[in-house]
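Everything on this sheet refers to the single structure shown next.
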Amino acid sequence: MLLKLLALCLFTSLVYVPIAEARIRHYKWEVKYEYKSPDCYKKLMITINGRSPGPTILAQEGDTVIVEVTNKLLLENLAIHWHGIRQIGTPWSDGTEGVTQCPVVPGDTFKYQFKVDRAGTYLYHAHYGMQRESGLYGSIRVSVPDNFTEPFAYDYDRSIILTDWYHKSTYEQATGLSSIPFVWVGEPQSLLIQGKGKFNCSSASLTANTCNTSNPECSPYAITVIPGKTYRLRVASLTALSALSFQIEGHNMTVVEADGHYVEPFVVKNLFIYSGETYSVLIQADQDPSRNYWMTTNVVSRPPNTTQGLGFLNYYPNHPRRSPPTVAPAGPIWNDTAPRLAQSLAIKAHHDFIVTPPTTSDRVIVFLNTQNEINGYRHWSVNNVSFTLPHTPYLIALKKKLHHQFSQTPPPEGYDFANYDIYNVAKNVNATTSNAIYRLGFNTTVDIILQNANTMFANNSETHPWHLHGHDFWVLGYGEGKFDMNKDPKKYNLVNPIMKNTVPLHPYGWTALRFKADNPGAWLFHCHIEAHFYMGMGVVFEEGIDKVGELPSSIMGCGETKGFGKP
């Protein structure tokens, strides 16, 4: 009988391939403040189960992830965003305070539950106030389904997160940003590679109890490699401010993935990376195995007043703390925009994994990025409107039809294209604040043109990494100067554009994106620099809200939702 069944299968060319059932990945986290010395300087840091970065979430495409988070911060609310996870069918688990949920109050436990629908490299981090830069962040690594072959080969898989680190608390920083006169946060004190850096303790009159370079907590992070092997290194950035360059002494890096999408491979010596981005690069452990090599990260796009971050590529069997015999190589020139723009333009979809964008869009929205003053307070704005969050989260207000909770006046979809000079300080820097949102037709195609300009300081335009929640977008193009609505769309890459969730807007330039408004919910789109978003640099999109399922009562409890869902 068995032979007959086998013969029948062969005869009919039917092949049964068992598919692994999707699993549930369950995590329980305690979030609290602890004294730590990530760069040798001791200060309060937010940890998850005693660690920062927090535990890496490991899952396979199709799995369901459940994270039960207990807030033990004592005096502070929290929310955690799952950066790059689209939350299809679970918009209430996006973890964006003020947009998709009320914050988790001290002592409470909140359950995030969502499906990881696509393999790739993702992140999680705090999304309450400026809490992310206090250390609440980590990696999400989603593996491919069984029997799927990726378009590149490697022997081992490693992850690192690059961050910048301030010694002042987020409360001190936020107070300065909200004051008259305005007090800027300044440049970070250190750069961390996987939570480890090195502050120069002798640069200030600090006691050994406060700053101690022999503290093992700040020993350089080391990745151990076996000579002759190939490594997939997942590199992510969650900086509060800094655009970075990452490099490994003596080793080229082949870029193969960006924000969960396969890239047509290209080789770099310096990987430019902006807050919220993730990349996979392949490195060959093919150098002299008798020594270790430097991993370094440097600030670009801003005057570098922060010492470079240092780590080791440790060739086994050398000791992982054995310092390389060379001086750590310097990074690229900080204010040279050309190679950064060239890398952005080089990122294309892998030829076997192209997702073709719609050839046209239904709507074009231009976002002019400006710095402004409102009643004497410094703000960042979009089209001269600085964004503020309402007391009742948008997702709840929209679903419950509490339209009085936020402005119903549509925000502007452009600026004075003909007369605005992006290369000079605007003559009228005054702006307005608003919590109005952009309502998108469900399943429509939307183009976003990010336009950079001069700040309130002469000859100054900053790099802004923009992140979209709930979606990936096609990156249609980058350009220098003012976007030309008639000429520049003709240059769009509609053949093999990469899809991403975070993208840089380069100084005095423009970036063009296209996405489908096909994920019911309310979704934030914002500059991923902590201080810039805190100062108003963001917008919210609403789409298909009538298709959102019943909201869980756990996301309520603030604003007009106090008492909602309770018996």
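Residue numbering restarts at 1 for every chain of the structure tokens, chains are lettered A, B, ... in their displayed order, and ligands are numbered from 1 as they appear.
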(message) Could you list, as a count of residues only, every residue within 6 Å of range 410-420 of chain A, counting only C-alpha atoms and ignoring same-chain residues fewer than 5 positions away?
(response) 3
Contact residues around Tyr33 in chain A with only C-alpha atoms at 12 Å, ignoring same-chain residues under 3 positions, as an mmCIF file with all heavy atoms, in the first residue's frame:
```
data_model
loop_
_atom_site.group_PDB
_atom_site.id
_atom_site.type_symbol
_atom_site.label_atom_id
_atom_site.label_comp_id
_atom_site.auth_asym_id
_atom_site.auth_seq_id
_atom_site.Cartn_x
_atom_site.Cartn_y
_atom_site.Cartn_z
ATOM 1 N N GLU A 30 10.878 42.821 32.853
ATOM 2 C CA GLU A 30 10.758 43.826 33.898
ATOM 3 C C GLU A 30 11.626 45.018 33.488
ATOM 4 O O GLU A 30 12.827 44.865 33.248
ATOM 5 C CB GLU A 30 11.227 43.287 35.250
ATOM 6 C CG GLU A 30 10.242 42.336 35.909
ATOM 7 C CD GLU A 30 10.642 41.993 37.332
ATOM 8 O OE1 GLU A 30 11.759 42.379 37.753
ATOM 9 O OE2 GLU A 30 9.850 41.335 38.023
ATOM 10 N N LYS A 36 24.268 52.024 35.962
ATOM 11 C CA LYS A 36 25.146 51.285 35.054
ATOM 12 C C LYS A 36 26.256 52.218 34.562
ATOM 13 O O LYS A 36 26.137 53.450 34.650
ATOM 14 C CB LYS A 36 24.366 50.745 33.856
ATOM 15 C CG LYS A 36 23.309 49.691 34.200
ATOM 16 C CD LYS A 36 23.927 48.348 34.511
ATOM 17 C CE LYS A 36 22.871 47.267 34.700
ATOM 18 N NZ LYS A 36 23.481 45.955 35.032
ATOM 19 N N LYS A 43 25.679 56.194 35.760
ATOM 20 C CA LYS A 43 24.446 56.986 35.789
ATOM 21 C C LYS A 43 23.256 56.034 35.711
ATOM 22 O O LYS A 43 23.401 54.835 35.443
ATOM 23 C CB LYS A 43 24.399 57.986 34.636
ATOM 24 C CG LYS A 43 24.383 57.363 33.251
ATOM 25 C CD LYS A 43 23.942 58.359 32.181
ATOM 26 C CE LYS A 43 22.445 58.609 32.240
ATOM 27 N NZ LYS A 43 21.925 59.381 31.110
ATOM 28 N N LEU A 44 22.067 56.588 35.923
ATOM 29 C CA LEU A 44 20.853 55.782 35.831
ATOM 30 C C LEU A 44 20.584 55.406 34.378
ATOM 31 O O LEU A 44 20.701 56.236 33.476
ATOM 32 C CB LEU A 44 19.660 56.535 36.405
ATOM 33 C CG LEU A 44 19.549 56.579 37.933
ATOM 34 C CD1 LEU A 44 18.412 57.504 38.358
ATOM 35 C CD2 LEU A 44 19.328 55.178 38.495
ATOM 36 N N MET A 45 20.185 54.158 34.193
ATOM 37 C CA MET A 45 19.928 53.624 32.861
ATOM 38 C C MET A 45 18.715 52.714 32.940
ATOM 39 O O MET A 45 18.525 52.001 33.930
ATOM 40 C CB MET A 45 21.157 52.828 32.413
ATOM 41 C CG MET A 45 21.107 52.255 31.025
ATOM 42 S SD MET A 45 22.641 51.321 30.691
ATOM 43 C CE MET A 45 22.745 51.489 28.913
ATOM 44 N N ILE A 46 17.869 52.746 31.918
ATOM 45 C CA ILE A 46 16.721 51.845 31.888
ATOM 46 C C ILE A 46 17.182 50.487 31.380
ATOM 47 O O ILE A 46 17.850 50.393 30.333
ATOM 48 C CB ILE A 46 15.591 52.390 31.008
ATOM 49 C CG1 ILE A 46 15.070 53.717 31.566
ATOM 50 C CG2 ILE A 46 14.447 51.385 30.922
ATOM 51 C CD1 ILE A 46 13.969 54.352 30.741
ATOM 52 N N THR A 47 16.832 49.445 32.123
ATOM 53 C CA THR A 47 17.214 48.086 31.740
ATOM 54 C C THR A 47 15.980 47.210 31.557
ATOM 55 O O THR A 47 14.908 47.497 32.100
ATOM 56 C CB THR A 47 18.113 47.434 32.809
ATOM 57 O OG1 THR A 47 17.365 47.313 34.031
ATOM 58 C CG2 THR A 47 19.359 48.263 33.059
ATOM 59 N N ILE A 48 16.141 46.154 30.791
ATOM 60 C CA ILE A 48 15.127 45.109 30.652
ATOM 61 C C ILE A 48 15.732 43.834 31.226
ATOM 62 O O ILE A 48 16.756 43.356 30.727
ATOM 63 C CB ILE A 48 14.723 44.892 29.185
ATOM 64 C CG1 ILE A 48 14.161 46.182 28.580
ATOM 65 C CG2 ILE A 48 13.702 43.762 29.073
ATOM 66 C CD1 ILE A 48 13.868 46.084 27.095
ATOM 67 N N ASN A 49 15.115 43.341 32.282
ATOM 68 C CA ASN A 49 15.658 42.162 32.980
ATOM 69 C C ASN A 49 17.135 42.356 33.318
ATOM 70 O O ASN A 49 17.953 41.443 33.205
ATOM 71 C CB ASN A 49 15.453 40.892 32.157
ATOM 72 C CG ASN A 49 13.989 40.562 31.949
ATOM 73 O OD1 ASN A 49 13.110 41.155 32.574
ATOM 74 N ND2 ASN A 49 13.702 39.611 31.075
ATOM 75 N N GLY A 50 17.475 43.585 33.709
ATOM 76 C CA GLY A 50 18.826 43.901 34.143
ATOM 77 C C GLY A 50 19.807 44.211 33.045
ATOM 78 O O GLY A 50 20.991 44.413 33.323
ATOM 79 N N ARG A 51 19.348 44.281 31.780
ATOM 80 C CA ARG A 51 20.274 44.442 30.661
ATOM 81 C C ARG A 51 19.907 45.626 29.780
ATOM 82 O O ARG A 51 18.751 45.984 29.632
ATOM 83 C CB ARG A 51 20.279 43.174 29.786
ATOM 84 C CG ARG A 51 20.726 41.918 30.495
ATOM 85 C CD ARG A 51 20.296 40.662 29.740
ATOM 86 N NE ARG A 51 20.713 40.663 28.342
ATOM 87 C CZ ARG A 51 20.356 39.743 27.456
ATOM 88 N NH1 ARG A 51 19.551 38.751 27.823
ATOM 89 N NH2 ARG A 51 20.781 39.807 26.215
ATOM 90 N N SER A 52 20.934 46.220 29.183
ATOM 91 C CA SER A 52 20.767 47.190 28.098
ATOM 92 C C SER A 52 21.989 47.063 27.190
ATOM 93 O O SER A 52 23.113 47.206 27.682
ATOM 94 C CB SER A 52 20.646 48.619 28.628
ATOM 95 O OG SER A 52 20.573 49.538 27.556
ATOM 96 N N ASN A 71 6.098 47.490 34.203
ATOM 97 C CA ASN A 71 6.740 48.782 34.414
ATOM 98 C C ASN A 71 7.163 48.922 35.872
ATOM 99 O O ASN A 71 6.333 49.126 36.752
ATOM 100 C CB ASN A 71 5.781 49.910 34.023
ATOM 101 C CG ASN A 71 6.405 51.285 34.208
ATOM 102 O OD1 ASN A 71 7.551 51.411 34.661
ATOM 103 N ND2 ASN A 71 5.664 52.324 33.872
ATOM 104 N N LYS A 72 8.464 48.828 36.098
ATOM 105 C CA LYS A 72 9.011 49.024 37.446
ATOM 106 C C LYS A 72 9.887 50.273 37.504
ATOM 107 O O LYS A 72 10.836 50.348 38.287
ATOM 108 C CB LYS A 72 9.788 47.785 37.881
ATOM 109 C CG LYS A 72 8.884 46.568 38.117
ATOM 110 C CD LYS A 72 9.556 45.494 38.930
ATOM 111 C CE LYS A 72 8.560 44.418 39.337
ATOM 112 N NZ LYS A 72 9.164 43.388 40.204
ATOM 113 N N LEU A 73 9.540 51.263 36.679
ATOM 114 C CA LEU A 73 10.285 52.516 36.669
ATOM 115 C C LEU A 73 9.928 53.415 37.852
ATOM 116 O O LEU A 73 10.535 54.474 38.024
ATOM 117 C CB LEU A 73 10.050 53.272 35.361
ATOM 118 C CG LEU A 73 10.554 52.582 34.089
ATOM 119 C CD1 LEU A 73 10.158 53.372 32.854
ATOM 120 C CD2 LEU A 73 12.065 52.405 34.138
ATOM 121 N N LEU A 74 8.927 53.021 38.617
ATOM 122 C CA LEU A 74 8.501 53.696 39.855
ATOM 123 C C LEU A 74 7.802 55.027 39.612
ATOM 124 O O LEU A 74 6.683 55.243 40.093
ATOM 125 C CB LEU A 74 9.688 53.911 40.803
ATOM 126 C CG LEU A 74 10.457 52.652 41.234
ATOM 127 C CD1 LEU A 74 11.616 53.019 42.150
ATOM 128 C CD2 LEU A 74 9.532 51.656 41.916
ATOM 129 N N LEU A 75 8.428 55.942 38.879
ATOM 130 C CA LEU A 75 7.870 57.293 38.736
ATOM 131 C C LEU A 75 7.624 57.674 37.282
ATOM 132 O O LEU A 75 7.407 58.846 36.993
ATOM 133 C CB LEU A 75 8.833 58.317 39.364
ATOM 134 C CG LEU A 75 9.171 58.117 40.847
ATOM 135 C CD1 LEU A 75 10.232 59.113 41.285
ATOM 136 C CD2 LEU A 75 7.922 58.278 41.699
ATOM 137 N N GLU A 76 7.627 56.705 36.381
ATOM 138 C CA GLU A 76 7.630 57.046 34.963
ATOM 139 C C GLU A 76 6.786 56.060 34.167
ATOM 140 O O GLU A 76 6.853 54.855 34.387
ATOM 141 C CB GLU A 76 9.081 57.001 34.469
ATOM 142 C CG GLU A 76 9.350 57.745 33.200
ATOM 143 C CD GLU A 76 10.854 57.852 32.956
ATOM 144 O OE1 GLU A 76 11.624 57.981 33.932
ATOM 145 O OE2 GLU A 76 11.251 57.780 31.780
ATOM 146 N N PRO A 106 3.386 53.109 36.114
ATOM 147 C CA PRO A 106 4.231 52.323 37.024
ATOM 148 C C PRO A 106 3.440 51.258 37.777
ATOM 149 O O PRO A 106 2.329 51.508 38.267
ATOM 150 C CB PRO A 106 4.779 53.393 37.978
ATOM 151 C CG PRO A 106 4.786 54.646 37.165
ATOM 152 C CD PRO A 106 3.561 54.559 36.302
ATOM 153 N N GLN A 131 12.468 58.652 26.164
ATOM 154 C CA GLN A 131 12.915 57.528 26.984
ATOM 155 C C GLN A 131 13.875 56.578 26.273
ATOM 156 O O GLN A 131 14.682 55.911 26.915
ATOM 157 C CB GLN A 131 11.674 56.759 27.417
ATOM 158 C CG GLN A 131 11.730 56.018 28.705
ATOM 159 C CD GLN A 131 10.344 55.481 29.039
ATOM 160 O OE1 GLN A 131 9.758 54.726 28.265
ATOM 161 N NE2 GLN A 131 9.814 55.872 30.177
ATOM 162 N N SER A 134 17.537 56.523 27.106
ATOM 163 C CA SER A 134 17.952 56.097 28.446
ATOM 164 C C SER A 134 18.350 54.628 28.499
ATOM 165 O O SER A 134 18.697 54.120 29.565
ATOM 166 C CB SER A 134 16.823 56.361 29.458
ATOM 167 O OG SER A 134 16.612 57.742 29.627
ATOM 168 N N GLY A 135 18.241 53.925 27.366
ATOM 169 C CA GLY A 135 18.727 52.553 27.321
ATOM 170 C C GLY A 135 17.689 51.489 27.051
ATOM 171 O O GLY A 135 18.018 50.303 27.013
ATOM 172 N N LEU A 136 16.427 51.883 26.839
ATOM 173 C CA LEU A 136 15.369 50.896 26.616
ATOM 174 C C LEU A 136 15.280 50.584 25.124
ATOM 175 O O LEU A 136 14.550 51.226 24.372
ATOM 176 C CB LEU A 136 14.031 51.425 27.148
ATOM 177 C CG LEU A 136 12.968 50.395 27.547
ATOM 178 C CD1 LEU A 136 11.779 51.068 28.219
ATOM 179 C CD2 LEU A 136 12.489 49.534 26.424
ATOM 180 N N SER A 169 20.301 63.476 32.107
ATOM 181 C CA SER A 169 19.066 62.692 32.019
ATOM 182 C C SER A 169 18.152 63.264 30.952
ATOM 183 O O SER A 169 18.290 64.418 30.528
ATOM 184 C CB SER A 169 18.344 62.698 33.374
ATOM 185 O OG SER A 169 17.774 63.979 33.611
#
```
(request) Using DSSP on the backbone coordinates, identify the residues of range 55-206 of chain A assigned to strand (DSSP E or B); present them as a ChimeraX atom specification. (result) /A:57-60,64-71,78,80-83,97,101,104,109-115,120-126,137-143,156-165,190-193,196
Wanna dump the range 273-363 of chain A-range 436-448 of chain A contacts at 10 Å for me, each residue with its shortest atom pair and the distance in Å to one decimal, counting only C-alpha atoms, ordered by chain and number, as a tab-separated table?
```
residue	atom	partner	partner_atom	distance
A:Pro357	CA	A:Thr445	CA	9.3
A:Pro358	CA	A:Thr445	CA	7.5
A:Thr359	CA	A:Thr445	CA	9.7
A:Thr360	CA	A:Thr445	CA	7.7
A:Ser361	CA	A:Thr445	CA	4.8
A:Asp362	CA	A:Thr445	CA	5.3
A:Arg363	CA	A:Val446	CA	5.0
```
(request) Mind checking which residues fall within 8 Å of range 247-258 of chain A, counting only C-alpha atoms, ignoring those fewer than 4 positions away in the same chain, and posting them as a count of residues only? (result) 32
(message) I need the residues of range 86-145 of chain A that end up classed as helix (DSSP H, G or I) by DSSP on the backbone, written out as a ChimeraX atom specification.
(response) /A:91-93,131-134
(request) Select, from A:Thr170, A:Ser275, A:Thr163, A:Ser143, the residue with the minimum atom-to-atom distance to Tyr128 in chain A, counting only C-alpha atoms. (result) A:Thr170
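Distances to Ala512 in chain A were evaluated for A:Ala531, A:Val475, A:Val235, A:Val99 using only C-alpha atoms, and the minimum falls at A:Val475.
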(message) Applying 9 Å and only C-alpha atoms, which residues near Ala426 in chain A remain after dropping the ones on its own chain fewer than 3 positions away? List them as a list in words.
(response)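 The residues that qualify are Thr370, Asn372, Tyr420, Asp421, Ile422, Tyr423, Val429, Asn454, Thr455 and Met456 of chain A.
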How would the residues just picked look written out with N, CA, C and O atoms as a CSV table (one decimal), in the first residue's frame?
```csv
chain,number,residue,atom,x,y,z
A,370,THR,N,11.4,72.3,8.7
A,370,THR,CA,11.8,73.6,9.1
A,370,THR,C,12.0,73.7,10.6
A,370,THR,O,11.4,72.9,11.4
A,372,ASN,N,11.6,76.4,13.7
A,372,ASN,CA,10.8,77.6,13.9
A,372,ASN,C,10.8,78.0,15.3
A,372,ASN,O,11.2,77.3,16.2
A,420,TYR,N,9.8,80.1,-1.5
A,420,TYR,CA,10.6,79.7,-0.3
A,420,TYR,C,12.0,79.4,-0.7
A,420,TYR,O,12.3,78.6,-1.6
A,421,ASP,N,13.0,80.0,0.0
A,421,ASP,CA,14.4,79.8,-0.3
A,421,ASP,C,14.9,78.8,0.7
A,421,ASP,O,15.1,79.1,1.9
A,422,ILE,N,15.2,77.6,0.3
A,422,ILE,CA,15.7,76.6,1.2
A,422,ILE,C,17.1,76.8,1.7
A,422,ILE,O,17.6,76.1,2.6
A,423,TYR,N,17.9,77.7,1.0
A,423,TYR,CA,19.3,77.9,1.3
A,423,TYR,C,19.6,79.0,2.3
A,423,TYR,O,20.7,79.2,2.7
A,429,VAL,N,10.1,82.9,10.5
A,429,VAL,CA,10.3,81.6,11.1
A,429,VAL,C,9.2,81.2,12.0
A,429,VAL,O,9.3,80.1,12.7
A,454,ASN,N,17.3,75.2,5.1
A,454,ASN,CA,18.1,75.8,6.1
A,454,ASN,C,17.4,75.9,7.5
A,454,ASN,O,16.2,76.0,7.6
A,455,THR,N,18.2,75.7,8.6
A,455,THR,CA,17.7,75.9,9.9
A,455,THR,C,17.6,77.4,10.3
A,455,THR,O,17.7,78.2,9.4
A,456,MET,N,17.5,77.7,11.5
A,456,MET,CA,17.5,79.1,11.9
A,456,MET,C,18.9,79.7,12.1
A,456,MET,O,19.0,80.8,12.5
```
(request) List the neighbours of range 175-185 of chain A out to 8 Å using only C-alpha atoms; skip same-chain residues closer than 3 positions along the sequence, and give me the result as a PyMOL selection string. (result) chain A and resi 171-172+376-378+531+535
(message) Please determine, counting only C-alpha atoms, which residue among A:Arg291, A:Lys482, A:Arg118, A:His532 has the shortest atom-to-atom distance to Gln371 in chain A.
(response) A:His532
(message) To one decimal place in Å, what is the distance between CA of Ser190 in chain A and CA of Thr326 in chain A?
(response)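 Computed distance, CA of Ser190 in chain A to CA of Thr326 in chain A, equals 21.4 Å.
Reported to one decimal place, the separation of CA of Ile80 in chain A from CA of Lys168 in chain A is 21.9 Å.
One finds CA of Gly138 in chain A at 14.9 Å from CA of Lys32 in chain A.
Remark: for Glu21 in chain A, the closest of the candidate residues A:Asp484, A:Ala126, A:Pro53, A:Asp146 is A:Asp146 (distances computed over only C-alpha atoms).
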(message) For Phe406 in chain A, find every residue with an atom within 9 Å (counting only C-alpha atoms), except residues of its own chain fewer than 3 positions away, and show them as an MDAnalysis selection string.
(response) chainID A and resid 389:392 394 397 402:403 434:437
